[in-house]
2 protein chains.
Amino acid sequence: MTDPTPLDASVAYAHAHTDAFIEQYKQLLRIPSIGADPAYRDDVRRAAEWIVKEMKRIGIENARVLETAGQPAVYGDWLHAGEDAPTALLYAHYDVQPVDPLDLWVAPPFEPDIREGKLYARGAIDDKSGVFIHLKAFQSVMAATGSLPINVKFIFEGEEESGSPTMEPFIREQRDLLAADVAVISDGGSSDETPTMMASVRGIVSGEVHIKGSIRDLHSGSFGGVVHNPIHKVGEIIAALHDEDGRIQIPGFYNSVVPVSAAQQALIEEGEAHAIERAREETGLKTFWGVPGYSFLERATAQPTCDVNGVSGGYQGQGTKTVLPAEAGFKVSMRLVNNQDPRDIAEKFLTFIESFACETLRIEATVSSSSWPAETVISGPIAQAAIDAYTATWGREPRLERAGGSVPIVGMFQHVLNVPVVSLGLGNGSNGHSPNEYFDLAYFKPVVDTAIHFLFNLADSS
Amino acid sequence: MTDPTPLDASVAYAHAHTDAFIEQYKQLLRIPSIGADPAYRDDVRRAAEWIVKEMKRIGIENARVLETAGQPAVYGDWLHAGEDAPTALLYAHYDVQPVDPLDLWVAPPFEPDIREGKLYARGAIDDKSGVFIHLKAFQSVMAATGSLPINVKFIFEGEEESGSPTMEPFIREQRDLLAADVAVISDGGSSDETPTMMASVRGIVSGEVHIKGSIRDLHSGSFGGVVHNPIHKVGEIIAALHDEDGRIQIPGFYNSVVPVSAAQQALIEEGEAHAIERAREETGLKTFWGVPGYSFLERATAQPTCDVNGVSGGYQGQGTKTVLPAEAGFKVSMRLVNNQDPRDIAEKFLTFIESFACETLRIEATVSSSSWPAETVISGPIAQAAIDAYTATWGREPRLERAGGSVPIVGMFQHVLNVPVVSLGLGNGSNGHSPNEYFDLAYFKPVVDTAIHFLFNLADSS
């Protein structure tokens, strides 16, 4: 018999410790690190400190909390693979979604509970798994082989579920510390038997418009016809956002939109049937909507949007109230695609709103958050390192999926650190934003194995 | 010395009993007859029964509660003035507005409290005053002279503050009982030293639109661009209600609008400056709005409106939530002017909403309440009887005011009973729909006197 390879030895170590890993994972899951809720501020920090302590225990160096203007980030590294070996920046986030509605949870969200082979807890799949699995892969390789095949830097975020509002200046400030050859985004995972890799994300610009008229709510009998109704202006602006086919009418909105690459276009065509089937289940709709001339997945991932997320004004209770309200407003989010610049779109949005100015109402518009559209690498040695890692450990080639949503960190890494980004989700489960979030433990070993394989694959590819 | 005239004797009786009248008024004000709130159903009936008992005590005949499909009405009559004497139907309402926000009341709303000569209580001016003053005028004339100069029928409503939803079928059913030569509307009163008479009201049609898309709220990242957003359709419809000058775009909406009479037009011109001044105070606005080519009061009282009273959909809390909501909707009220028919306008509104039907959303529209536009008599012997009554007792000629709001009973009396309607508000006070409603007791005697004078003036005019 020959000695096992470093890869095999690492995987063997991980398998031998699976039960202990899962027990330890529960410790992290017990910390209610709800980043968006100020009431959990101390818990968020406690989670960050738990990670730092664990990093130090397993041999990660320079482990520490890094302050941001928002929630703390966690950093650590191991840089002894040599100058010729690549350096990977491994990213995940340890903050979790709020837990409402609490009464729909079978077990309390921060008391990890295993039922029928699934580990239920808030954060179990989104995204403490990304944090924990990377640590366990490092530990396994280090314990089995005494070193790592590549250089690694870990960066774990605490405000992803809040839209990463302070991460861009933080990354800019820590640009040298975070410098790498590739950034690896491990956020979420697959919800079926096929591993998935995120091939693209849309950017986002969020805005809010308030329209104010009289100093108080008025009687619509006495003042209807002589006082400009703010709700009417809200309707006017919302209606003007799109033409009848759904094309966005903000001047210049599409100016910098470019077609996706041939490789990304191929993903759109491959994914079409699956995406429509899934959308029918989730929406209950038979007929979808959108700008003519595009496929479902083009509309959902390769075309920009401008959706009003909320509208309010006047009386909303039961029955009637003849009020002519003093104010009304709406919230909007625009999803951006290559090569739209969120700063440019924000400006165009504000200019568009200004064009509705009139003497009889005051219109106030603000833009509150923004991120870049981005594509991850889906071919070449880095992407292949991930694809091969999944294929070897799950027994299936990963599905490369374009996403309509936004993961701000992807664009930040690309634009600020100027590195390629690859998606390496490390989990299998669901309900990351709903009650009864879970990680399917049948996939715990394959997922740790994927993280280990990836490190060796990346070393081999360089 | 000659004997006092019957009028003088009646007024003398009223003045001699003013303190007792006010004490007795407090009894009625203590009954919380909030017609719109089912929790006060028994109190509404208790108020009706209090009135019946008082009617019987002072010599009004056939006094009884009359059931409607909603809140009970109170009827009574005295028909012994002879066939040549006119018969007046005296109307007021004994239901009152809800009391929220309760914490802004200096004294509890149903514990009548006199402060600086003002009697504070919910209903003190709107409109238990109309009920009570008519009863005290009757009592004074009857006690002082042993008879009345005209025939009178009293009809007191219990659901005016709810929009009189069941009064039209009730009046139709009781058409013979309520037959009269004139209907006298005593609702509210003046809020300054000049008595006011309502010269017109607008009709009203209220509607509600609900728009539904997917079976649940969706993520706007995943589904923006492929699922039709119900809020966008709401905006589209609201925007389509008016052109850029504020003209209503519901097809045929203006078809039956006719110009007001020369006499009503004169009121518009006389009232313009005062109306604008008052509107500036109440709204805090310097610039008003409306369809070009009309004066302020024409827009407010002689032109129809279509105001959205409430709009809702999606996320309305602090910050952002990237939701593509499952539903959205709005409430609308249309104010009608001569000769618009509320049934015709309701139909045109529903047809207009139907024209927005599409494959990707379900649109549901309902019409919930309606009333006729109406003008009261402002010249001729009946109007003069009221004008002279005010002038003799307040020392000022009344201001004839066109109103933009709606008093459904006016159109019902005109269309169902086919009688002229005259406005005879019997009160001086304010805050009928706000905290700290009051009746200014400095005007208690003049107001009772007005009601007494009116009875004699009407007898003389016939």
# chains A, B, ... in the order shown; residues from 1 in each chain; ligands from 1
>>> residues_around(residues="Asp341 of chain B", least_positions_apart="4", cutoff="9 Å", atoms="only C-alpha atoms", output="list of chain:residue names")
B:Gly203, B:Ser256, B:Leu336, B:Val337, B:Ile345, B:Ala346, B:Ser371, B:Trp372, B:Pro373
>>> write_last_selection(atoms="C-alpha atoms", output="CSV table (one decimal), in the first residue's frame")
chain,number,residue,atom,x,y,z
B,203,GLY,CA,-72.8,63.8,-4.5
B,256,SER,CA,-74.3,65.1,-17.7
B,336,LEU,CA,-70.5,64.7,-8.2
B,337,VAL,CA,-72.2,67.9,-9.3
B,345,ILE,CA,-70.9,57.4,-12.5
B,346,ALA,CA,-70.5,54.1,-10.6
B,371,SER,CA,-75.3,59.8,-3.0
B,372,TRP,CA,-76.7,62.5,-5.3
B,373,PRO,CA,-75.4,66.0,-5.8
>>> residues_around(residues="Trp105 of chain A", least_positions_apart="3", cutoff="8 Å", atoms="only C-alpha atoms", output="list of chain:residue names")
A:Pro101, A:Leu102, A:Pro108, A:Pro109, A:Pro435, A:Asn436
>>> write_last_selection(atoms="N, CA and C atoms", output="PDB file, in the first residue's frame")
ATOM      1  N   PRO A 101     -41.778  35.096  10.910  1.00  0.00           N
ATOM      2  CA  PRO A 101     -42.676  34.920  12.065  1.00  0.00           C
ATOM      3  C   PRO A 101     -42.255  33.732  12.932  1.00  0.00           C
ATOM      4  N   LEU A 102     -41.965  34.062  14.170  1.00  0.00           N
ATOM      5  CA  LEU A 102     -41.397  33.092  15.103  1.00  0.00           C
ATOM      6  C   LEU A 102     -42.308  31.885  15.338  1.00  0.00           C
ATOM      7  N   PRO A 108     -37.192  26.350  18.314  1.00  0.00           N
ATOM      8  CA  PRO A 108     -36.692  27.733  18.368  1.00  0.00           C
ATOM      9  C   PRO A 108     -35.499  27.920  17.423  1.00  0.00           C
ATOM     10  N   PRO A 109     -35.436  29.062  16.732  1.00  0.00           N
ATOM     11  CA  PRO A 109     -34.451  29.247  15.661  1.00  0.00           C
ATOM     12  C   PRO A 109     -33.001  29.201  16.117  1.00  0.00           C
ATOM     13  N   PRO A 435     -38.987  30.733   8.026  1.00  0.00           N
ATOM     14  CA  PRO A 435     -38.916  29.861   9.205  1.00  0.00           C
ATOM     15  C   PRO A 435     -38.397  28.476   8.829  1.00  0.00           C
ATOM     16  N   ASN A 436     -37.850  27.768   9.830  1.00  0.00           N
ATOM     17  CA  ASN A 436     -37.371  26.390   9.672  1.00  0.00           C
ATOM     18  C   ASN A 436     -36.254  26.252   8.643  1.00  0.00           C
TER      19      ASN A 436
END
>>> atom_distance(atom1="atom CA of Ala9 of chain B", atom2="atom CA of Lys136 of chain B")
14.0 Å
>>> select_by_dssp(residues="segment 252-384 of chain A", states="helix (DSSP H, G or I)", output="MDAnalysis selection string")
chainID A and resid 262:283 296:302 342:354 381:384
>>> residues_around(residues="Ile387 of chain B", least_positions_apart="4", cutoff="10 Å", atoms="only C-alpha atoms", output="PyMOL selection string")
chain B and resi 195-197+378-379+381-383+391-392+396-400+423-424+450+454+457
>>> residues_around(residues="Arg278 of chain B", least_positions_apart="3", cutoff="12 Å", atoms="only C-alpha atoms", output="JSON, numbers by chain")
{"A": [222, 223], "B": [191, 192, 271, 272, 273, 274, 275, 281, 282, 283, 284, 285, 286, 296, 297]}
>>> closest_residue(among="B:Asn309, B:Ser462, B:Gln71, B:Ser10", to="Ser206 of chain B", atoms="only C-alpha atoms")
B:Asn309
>>> select_by_dssp(residues="segment 146-263 of chain A", states="strand (DSSP E or B)", output="VMD selection string")
chain A and resid 151 to 157 182 to 185 190 196 to 201 203 to 212 218 to 219 242 248
>>> write_last_selection(atoms="C-alpha atoms", output="tab-separated table (two decimals), in the first residue's frame")
chain	number	residue	atom	x	y	z
A	151	ASN	CA	-2.27	30.57	0.57
A	152	VAL	CA	-5.60	31.52	2.10
A	153	LYS	CA	-7.14	34.65	3.56
A	154	PHE	CA	-10.49	34.46	5.27
A	155	ILE	CA	-12.90	37.39	5.32
A	156	PHE	CA	-16.25	36.85	7.05
A	157	GLU	CA	-18.85	39.59	6.90
A	182	VAL	CA	-9.13	34.97	-6.57
A	183	ALA	CA	-12.06	35.72	-4.31
A	184	VAL	CA	-14.22	32.74	-3.39
A	185	ILE	CA	-17.83	33.54	-2.49
A	190	SER	CA	-27.97	24.10	-3.29
A	196	THR	CA	-25.20	25.10	-7.90
A	197	MET	CA	-22.73	27.82	-8.70
A	198	MET	CA	-23.86	31.43	-9.03
A	199	ALA	CA	-22.78	32.69	-12.48
A	200	SER	CA	-23.95	36.29	-12.17
A	201	VAL	CA	-25.75	38.73	-9.92
A	203	GLY	CA	-26.61	45.17	-9.08
A	204	ILE	CA	-29.08	47.22	-7.11
A	205	VAL	CA	-30.00	50.83	-6.48
A	206	SER	CA	-32.70	51.46	-3.88
A	207	GLY	CA	-34.63	54.70	-3.75
A	208	GLU	CA	-37.47	56.32	-1.88
A	209	VAL	CA	-39.79	59.12	-2.91
A	210	HIS	CA	-41.89	61.25	-0.56
A	211	ILE	CA	-44.48	63.68	-1.81
A	212	LYS	CA	-45.97	66.30	0.47
A	218	LEU	CA	-57.83	67.22	4.45
A	219	HIS	CA	-61.47	66.36	3.80
A	242	HIS	CA	-42.30	51.96	-17.56
A	248	ILE	CA	-37.96	51.44	-18.10
>>> residues_around(residues="Arg45 of chain B", least_positions_apart="4", cutoff="7 Å", atoms="only C-alpha atoms", output="list in words")
Arg41, Glu49 and Pro72 of chain B
>>> write_last_selection(atoms="C-alpha atoms", output="PDB file, in the first residue's frame")
ATOM      1  CA  ARG B  41     -75.048  49.722  19.052  1.00  0.00           C
ATOM      2  CA  GLU B  49     -85.280  56.101  22.869  1.00  0.00           C
ATOM      3  CA  PRO B  72     -82.825  53.257  14.058  1.00  0.00           C
TER       4      PRO B  72
END
>>> atom_distance(atom1="atom CA of Met412 of chain A", atom2="atom CA of Gly425 of chain A")
18.2 Å
>>> atom_distance(atom1="atom CA of Ala48 of chain A", atom2="atom CA of Glu159 of chain A")
11.6 Å
>>> closest_residue(among="A:Gly329, A:Gly290, A:Gly427, A:Pro420", to="chain B", atoms="only C-alpha atoms")
A:Gly290
